[in-house]
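Shown next, in structure tokens, is the structure this report addresses.
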Amino acid sequence: MSYPRIGSLKSVNDFRDTLRAVGSSLPVDDRSLTAAEGSPLAAPLTCGRLSIGNRWCIHPMEGWDGTPGGMPTEHTIRRWRNFGLSGAKLLWGGEAFAVRPEGRANPNQLCYRPENEKGAAQLLETARAAHAEAFGPAACDDLVVGLQLTHSGRFCKPVAKDRFVPRIAYRHPVLDRRVGLGPDDNAAVLTDGEIRSIIDDYVTAARIAQRLGFQFVDLKACHGYLGHEFLSAHTRPGPYGGDFEGRTRYLREIVGAVRSECPDLEIGIRLSLFDAPPFRPDPARSQGGKLGPGIPDLAPDSPRPFGASADDPLRIDLAEPIELLRRLRDEHGVRLLNLSCGSPYYNPHIQRPAFYPPSDGYQPPEDPLLGCVRQIEAVRDVKRALPDLVLVGTAYTYFQEYLPHVAQAVLREGWVDSIGIGRLVLSDWQLPAKVLAGQDYVADKKICRTFSDCTTAPRNGIISGCYPLDDYYKRRTEAAELKDQKDNLRKRLLAAGSGDGK
């Protein structure tokens with residue numbers, strides 16, 4: 001099925017009409033305002049001891065481009081420099097930083113080792129220096145930079161880019177198969193003792209972040225990684241599974257331990273607010289070198305996703321997520337949240353709506369606008385339930401030219417506190433600054449069109465970046481390698497569709 005391309009729309013009214021056509025009443029401003037005109041995007045924000053200079057946030061993005069030892073490379077450093085140049089005042093973790101080498105999502109992910117401390121320091125210094133260079137020395141006074149701490153759990157690939165070495169919270173009939181686990185591979189399930197050891201690793205990494213001058217750490221609980229997976233561990237026995245108390249224990253114990261050991265460090269949580277079952281391409285509708293639209297990949301004994309209805313796994317139920325956020329606030333003073341959903345590994349259209357999905361991914365089963373609206377409205381519902389939390393929202397990149405028009409409107413309506421952008425920053429890292437200064441952010445043709453090469457590349461073992469729009473990646477040999485990988489996949493799909501079987 002064909003959906004309207006945002007880039008083909010001629011006006012804000014056309015964009016509103018497109019939203020109405022999918023049944024959305026998302027607020028949209030008539031034009032993008034500057035800081036001088038009082039744009040809501042320019043308003044300062046306070047969270048505990050953090051003074052954040054505006055409402056733009058840069059999401060953490062892992063580029064598969066560190067050294068095998070977990071140190072940053074020139075690619076990593078360039079990305080952090082661009083974060084500093086962006087004009088955003090909240091840099092949310094910048095990078096997924098694994099708390100132990102075997103917890104990495106790929107063998108080039110940054111990770112904690114004692115000798116890697118200088119690498120993390122270099123990234124922080126790079127972002128701050130770039131921000132001061134672009135906006136003046138005093139600009140760093142209200143720049144807030146955190147470090148995202150993670151363990152990849154089921155999706156660990158610490159040794160080779162094409163081989164999972166999963167460590168899981170519980171057995172899952174569909175996801176186990178996708179990471180190569182057989183029915184008897186129970187050694188992949190983390191023991192309670194191993195879980196407590198990982199919690200200790202988070203504390204160690206948080207101490208380093210505090211010493212280096214990061215203002216907060218993000219204790220990652222999203223996108224199918226370990227902190228998120230525990231939230232749906234209904235079938236796990238013992239203290240870290242089963243009921244709500246057990247399934248949230250892992251995250252709450254990490255938060256409590258970091259709070260106790262690092263009192264000068266603020267804590268943020270990037271949380272998949274709701275999840276959905278895994279999806280797969282519909283084989284009956286794969287044709288023309290493209291995989292078919294996504295359909296749910298369900299098994300009778302699949303556990304209920306976190307934030308989904310017990311009666312319908314495709315329907316959102318925010319009762320447990322809201323209770324978890326209330327507990328984190330009341331027990332540990334956590335008020336800074338970055339709310340996402342789903343996972344790029346098994347339901348990417350839920351988590352990262354795109355018109356052009358990754359080459360090895362299924363086609364959108366719905367207008368991608370619906371996925372954006374779904375996330376924004378879910379964050380609105382949390383804000384209404386827990387108004388004292390500071391919420392960063394997700395799913396704005398797909399709005400493209402009209403991103404500032406939506407962002408301003410939802411901020412003004414009080415649906416969210418900060419606007420998070422991720423893949424957009426890979427192509428146009430200065431968009432926040434251009435918007436606030438009243439510059440034409442469309443004319444230079446750097447707006448992300450969701451071509452998804454930044455995802456297709458790492459899925460094929462290639463460093464991530466915006467190959468279509470960033471000259472830095474266009475000129476690299478990896479661009480030709482990526483093109484070859486996409487062409488080969490297309491040929492395989494065409495052969496499969498013709499019954500060739502080669």
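Just remember, in the structure tokens the first chain shown is A, the second B, etc., residues are 1-based per chain, and ligands are 1-based in the order shown.
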
Contact table region 19-131 of chain A vs region 467-491 of chain A, cut-off 12 Å, shortest pair per residue, only C-alpha atoms, as a Markdown table:
| residue | atom | partner | partner_atom | distance |
| --- | --- | --- | --- | --- |
| A:Asp65 | CA | A:Glu478 | CA | 11.9 |
| A:Glu74 | CA | A:Tyr472 | CA | 11.6 |
| A:His75 | CA | A:Tyr472 | CA | 9.6 |
| A:Arg78 | CA | A:Tyr472 | CA | 10.0 |
| A:Arg79 | CA | A:Tyr472 | CA | 11.0 |
| A:Asn82 | CA | A:Asp470 | CA | 12.0 |

Which region 87-153 of chain A residues have any atom within 12 Å of an atom of region 435-445 of chain A, and for each, what is the nearest pair of atoms with distance in Å to one decimal, counting only C-alpha atoms, rows sorted by chain and number, as a tab-separated table?
residue	atom	partner	partner_atom	distance
A:Gly87	CA	A:Leu436	CA	8.6
A:Ala88	CA	A:Leu436	CA	10.0
A:Phe135	CA	A:Ala437	CA	11.7

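Using only C-alpha atoms, the nearest neighbour of Phe451 (chain A) within the list A:Leu424, A:Val145, A:Pro293, A:Pro239 is A:Leu424.
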
If we count only C-alpha atoms and set the cut-off at 7 Å, which residues sit around region 386-395 of chain A, ignoring sequence neighbours fewer than 5 positions away in its own chain? Please answer as a PDB file with N, CA, C and O atoms, in the first residue's frame.
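The new file around17.pdb reads:
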ATOM      1  N   CYS A  47      15.181  20.499  35.826  1.00  0.00           N
ATOM      2  CA  CYS A  47      14.861  19.189  36.398  1.00  0.00           C
ATOM      3  C   CYS A  47      15.842  18.935  37.533  1.00  0.00           C
ATOM      4  O   CYS A  47      17.033  18.673  37.300  1.00  0.00           O
ATOM      5  N   ARG A 335      13.000  11.879  37.946  1.00  0.00           N
ATOM      6  CA  ARG A 335      12.005  12.722  37.292  1.00  0.00           C
ATOM      7  C   ARG A 335      12.318  12.991  35.821  1.00  0.00           C
ATOM      8  O   ARG A 335      11.523  13.607  35.118  1.00  0.00           O
ATOM      9  N   LEU A 336      13.461  12.547  35.348  1.00  0.00           N
ATOM     10  CA  LEU A 336      13.895  12.809  33.983  1.00  0.00           C
ATOM     11  C   LEU A 336      13.731  11.540  33.148  1.00  0.00           C
ATOM     12  O   LEU A 336      14.426  10.549  33.369  1.00  0.00           O
ATOM     13  N   LEU A 337      12.801  11.566  32.205  1.00  0.00           N
ATOM     14  CA  LEU A 337      12.471  10.395  31.414  1.00  0.00           C
ATOM     15  C   LEU A 337      12.514  10.721  29.931  1.00  0.00           C
ATOM     16  O   LEU A 337      12.072  11.787  29.509  1.00  0.00           O
ATOM     17  N   ASN A 338      13.032   9.784  29.161  1.00  0.00           N
ATOM     18  CA  ASN A 338      13.025   9.875  27.706  1.00  0.00           C
ATOM     19  C   ASN A 338      12.204   8.693  27.220  1.00  0.00           C
ATOM     20  O   ASN A 338      12.621   7.537  27.365  1.00  0.00           O
ATOM     21  N   LEU A 339      11.039   8.964  26.655  1.00  0.00           N
ATOM     22  CA  LEU A 339      10.070   7.909  26.388  1.00  0.00           C
ATOM     23  C   LEU A 339      10.054   7.525  24.914  1.00  0.00           C
ATOM     24  O   LEU A 339       9.785   8.335  24.042  1.00  0.00           O
ATOM     25  N   SER A 340      10.357   6.261  24.678  1.00  0.00           N
ATOM     26  CA  SER A 340      10.332   5.681  23.349  1.00  0.00           C
ATOM     27  C   SER A 340       9.342   4.519  23.389  1.00  0.00           C
ATOM     28  O   SER A 340       8.452   4.488  24.240  1.00  0.00           O
ATOM     29  N   ARG A 352      10.409   3.251  15.201  1.00  0.00           N
ATOM     30  CA  ARG A 352      11.052   4.251  14.355  1.00  0.00           C
ATOM     31  C   ARG A 352      10.338   4.313  13.012  1.00  0.00           C
ATOM     32  O   ARG A 352      10.811   3.781  12.000  1.00  0.00           O
ATOM     33  N   CYS A 372       4.026   7.674  14.647  1.00  0.00           N
ATOM     34  CA  CYS A 372       4.467   8.903  15.321  1.00  0.00           C
ATOM     35  C   CYS A 372       3.397   9.401  16.281  1.00  0.00           C
ATOM     36  O   CYS A 372       3.677   9.716  17.446  1.00  0.00           O
ATOM     37  N   GLN A 375       3.024   7.386  19.540  1.00  0.00           N
ATOM     38  CA  GLN A 375       4.023   7.669  20.567  1.00  0.00           C
ATOM     39  C   GLN A 375       3.776   9.016  21.241  1.00  0.00           C
ATOM     40  O   GLN A 375       3.882   9.140  22.472  1.00  0.00           O
ATOM     41  N   ILE A 376       3.463  10.020  20.458  1.00  0.00           N
ATOM     42  CA  ILE A 376       3.263  11.361  21.020  1.00  0.00           C
ATOM     43  C   ILE A 376       2.060  11.388  21.943  1.00  0.00           C
ATOM     44  O   ILE A 376       2.082  12.015  23.015  1.00  0.00           O
ATOM     45  N   VAL A 379       2.887   9.667  25.302  1.00  0.00           N
ATOM     46  CA  VAL A 379       3.641  10.557  26.188  1.00  0.00           C
ATOM     47  C   VAL A 379       2.706  11.599  26.801  1.00  0.00           C
ATOM     48  O   VAL A 379       2.807  11.919  27.993  1.00  0.00           O
ATOM     49  N   VAL A 416       4.353  17.450  26.477  1.00  0.00           N
ATOM     50  CA  VAL A 416       5.717  16.965  26.639  1.00  0.00           C
ATOM     51  C   VAL A 416       6.570  18.147  27.077  1.00  0.00           C
ATOM     52  O   VAL A 416       6.147  19.310  26.954  1.00  0.00           O
ATOM     53  N   ASP A 417       7.773  17.875  27.570  1.00  0.00           N
ATOM     54  CA  ASP A 417       8.644  18.948  28.054  1.00  0.00           C
ATOM     55  C   ASP A 417       9.829  19.226  27.142  1.00  0.00           C
ATOM     56  O   ASP A 417      10.385  20.321  27.167  1.00  0.00           O
ATOM     57  N   SER A 418      10.246  18.237  26.370  1.00  0.00           N
ATOM     58  CA  SER A 418      11.413  18.392  25.516  1.00  0.00           C
ATOM     59  C   SER A 418      11.219  17.532  24.271  1.00  0.00           C
ATOM     60  O   SER A 418      10.621  16.457  24.336  1.00  0.00           O
ATOM     61  N   ILE A 419      11.744  18.023  23.138  1.00  0.00           N
ATOM     62  CA  ILE A 419      11.576  17.339  21.858  1.00  0.00           C
ATOM     63  C   ILE A 419      12.872  16.619  21.508  1.00  0.00           C
ATOM     64  O   ILE A 419      13.905  17.244  21.265  1.00  0.00           O
ATOM     65  N   GLY A 420      12.815  15.292  21.486  1.00  0.00           N
ATOM     66  CA  GLY A 420      13.991  14.497  21.172  1.00  0.00           C
ATOM     67  C   GLY A 420      14.092  14.208  19.683  1.00  0.00           C
ATOM     68  O   GLY A 420      13.096  13.868  19.034  1.00  0.00           O
ATOM     69  N   ILE A 421      15.303  14.338  19.142  1.00  0.00           N
ATOM     70  CA  ILE A 421      15.538  13.980  17.742  1.00  0.00           C
ATOM     71  C   ILE A 421      16.768  13.085  17.677  1.00  0.00           C
ATOM     72  O   ILE A 421      17.743  13.289  18.397  1.00  0.00           O
TER      73      ILE A 421
END

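The neighbours of Arg163 (chain A) here are the residues that come within 12 Å of it, using only C-alpha atoms and leaving out any residue fewer than 5 positions away in the same chain; they are Arg104, Ala105, Asn106, Pro107, Arg154, Phe155, Cys156, Lys157, Pro158, Arg178, Val179, Gly180, Leu181, Arg459, Asn460 and Gly461 of chain A.
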
Quick one: write out the picked residues with N, CA, C and O atoms as an mmCIF file, in the first residue's frame?
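Okay, this is what ended up in result-v5.cif:
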data_model
loop_
_atom_site.group_PDB
_atom_site.id
_atom_site.type_symbol
_atom_site.label_atom_id
_atom_site.label_comp_id
_atom_site.auth_asym_id
_atom_site.auth_seq_id
_atom_site.Cartn_x
_atom_site.Cartn_y
_atom_site.Cartn_z
ATOM 1 N N ARG A 104 27.915 -5.731 24.913
ATOM 2 C CA ARG A 104 27.821 -4.851 23.754
ATOM 3 C C ARG A 104 26.864 -5.393 22.688
ATOM 4 O O ARG A 104 26.761 -6.599 22.485
ATOM 5 N N ALA A 105 26.212 -4.480 21.971
ATOM 6 C CA ALA A 105 25.317 -4.851 20.876
ATOM 7 C C ALA A 105 26.071 -5.096 19.584
ATOM 8 O O ALA A 105 25.506 -5.603 18.613
ATOM 9 N N ASN A 106 27.338 -4.715 19.538
ATOM 10 C CA ASN A 106 28.197 -5.013 18.407
ATOM 11 C C ASN A 106 29.640 -4.893 18.891
ATOM 12 O O ASN A 106 29.900 -4.251 19.909
ATOM 13 N N PRO A 107 30.587 -5.512 18.180
ATOM 14 C CA PRO A 107 31.962 -5.540 18.687
ATOM 15 C C PRO A 107 32.690 -4.206 18.605
ATOM 16 O O PRO A 107 33.845 -4.123 19.046
ATOM 17 N N ARG A 154 19.578 -9.819 25.244
ATOM 18 C CA ARG A 154 19.253 -10.749 24.168
ATOM 19 C C ARG A 154 19.999 -10.410 22.871
ATOM 20 O O ARG A 154 20.270 -11.291 22.045
ATOM 21 N N PHE A 155 20.330 -9.152 22.696
ATOM 22 C CA PHE A 155 20.890 -8.712 21.419
ATOM 23 C C PHE A 155 22.391 -8.412 21.512
ATOM 24 O O PHE A 155 22.919 -7.600 20.750
ATOM 25 N N CYS A 156 23.075 -9.077 22.420
ATOM 26 C CA CYS A 156 24.527 -8.923 22.520
ATOM 27 C C CYS A 156 25.223 -9.517 21.293
ATOM 28 O O CYS A 156 24.924 -10.644 20.871
ATOM 29 N N LYS A 157 26.160 -8.748 20.744
ATOM 30 C CA LYS A 157 27.047 -9.218 19.674
ATOM 31 C C LYS A 157 28.458 -8.717 19.981
ATOM 32 O O LYS A 157 29.007 -7.904 19.246
ATOM 33 N N PRO A 158 29.077 -9.180 21.034
ATOM 34 C CA PRO A 158 30.339 -8.586 21.461
ATOM 35 C C PRO A 158 31.556 -9.038 20.671
ATOM 36 O O PRO A 158 32.613 -8.412 20.753
ATOM 37 N N ARG A 178 15.113 -15.952 16.729
ATOM 38 C CA ARG A 178 15.727 -14.893 15.916
ATOM 39 C C ARG A 178 17.175 -14.621 16.301
ATOM 40 O O ARG A 178 17.937 -14.117 15.483
ATOM 41 N N VAL A 179 17.553 -14.928 17.535
ATOM 42 C CA VAL A 179 18.953 -14.717 17.932
ATOM 43 C C VAL A 179 19.721 -16.035 17.995
ATOM 44 O O VAL A 179 20.817 -16.089 18.551
ATOM 45 N N GLY A 180 19.158 -17.080 17.416
ATOM 46 C CA GLY A 180 19.874 -18.338 17.288
ATOM 47 C C GLY A 180 19.847 -19.243 18.494
ATOM 48 O O GLY A 180 20.663 -20.164 18.603
ATOM 49 N N LEU A 181 18.916 -19.038 19.415
ATOM 50 C CA LEU A 181 18.810 -19.899 20.592
ATOM 51 C C LEU A 181 17.885 -21.072 20.301
ATOM 52 O O LEU A 181 16.746 -20.889 19.847
ATOM 53 N N ARG A 459 23.282 -3.058 10.086
ATOM 54 C CA ARG A 459 22.754 -4.414 9.955
ATOM 55 C C ARG A 459 23.616 -5.263 9.023
ATOM 56 O O ARG A 459 23.532 -6.489 9.036
ATOM 57 N N ASN A 460 24.429 -4.589 8.206
ATOM 58 C CA ASN A 460 25.345 -5.284 7.317
ATOM 59 C C ASN A 460 26.797 -5.134 7.767
ATOM 60 O O ASN A 460 27.720 -5.311 6.975
ATOM 61 N N GLY A 461 26.991 -4.764 9.045
ATOM 62 C CA GLY A 461 28.328 -4.687 9.595
ATOM 63 C C GLY A 461 29.112 -3.464 9.176
ATOM 64 O O GLY A 461 30.341 -3.441 9.266
#

#### Entry: strand (DSSP E) per DSSP on the backbone: members of region 188-346 of chain A, as a VMD selection string
chain A and resid 216 to 219 266 to 272 279 to 281 294 to 296 336 to 340

### Query
At what distance in Å, to one decimal, does CA of Pro72 (chain A) lie from CA of Gly84 (chain A)?
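Atom-to-atom, CA of Gly84 (chain A) to CA of Pro72 (chain A), that is 16.2 Å.
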
### Task
Compare A:Val203, A:Cys140, A:Ile168, A:Leu251 by their minimum atom-to-atom distance to Lys220 (chain A), counting only C-alpha atoms, and give me the closest one.
A:Leu251

### Task
Give the helix (DSSP H, G or I) residues of region 87-324 of chain A, as DSSP finds them on the backbone, and put them as a ChimeraX atom specification.
/A:101-103,114-135,137-142,153-155,175-178,186-188,192-212,226-232,244-247,249-261,283-285,319-324

#### Entry: Among listed residues A:Gln400, A:Arg492, A:Leu190, A:His172, nearest Leu9 (chain A) (using only C-alpha atoms)
A:Gln400
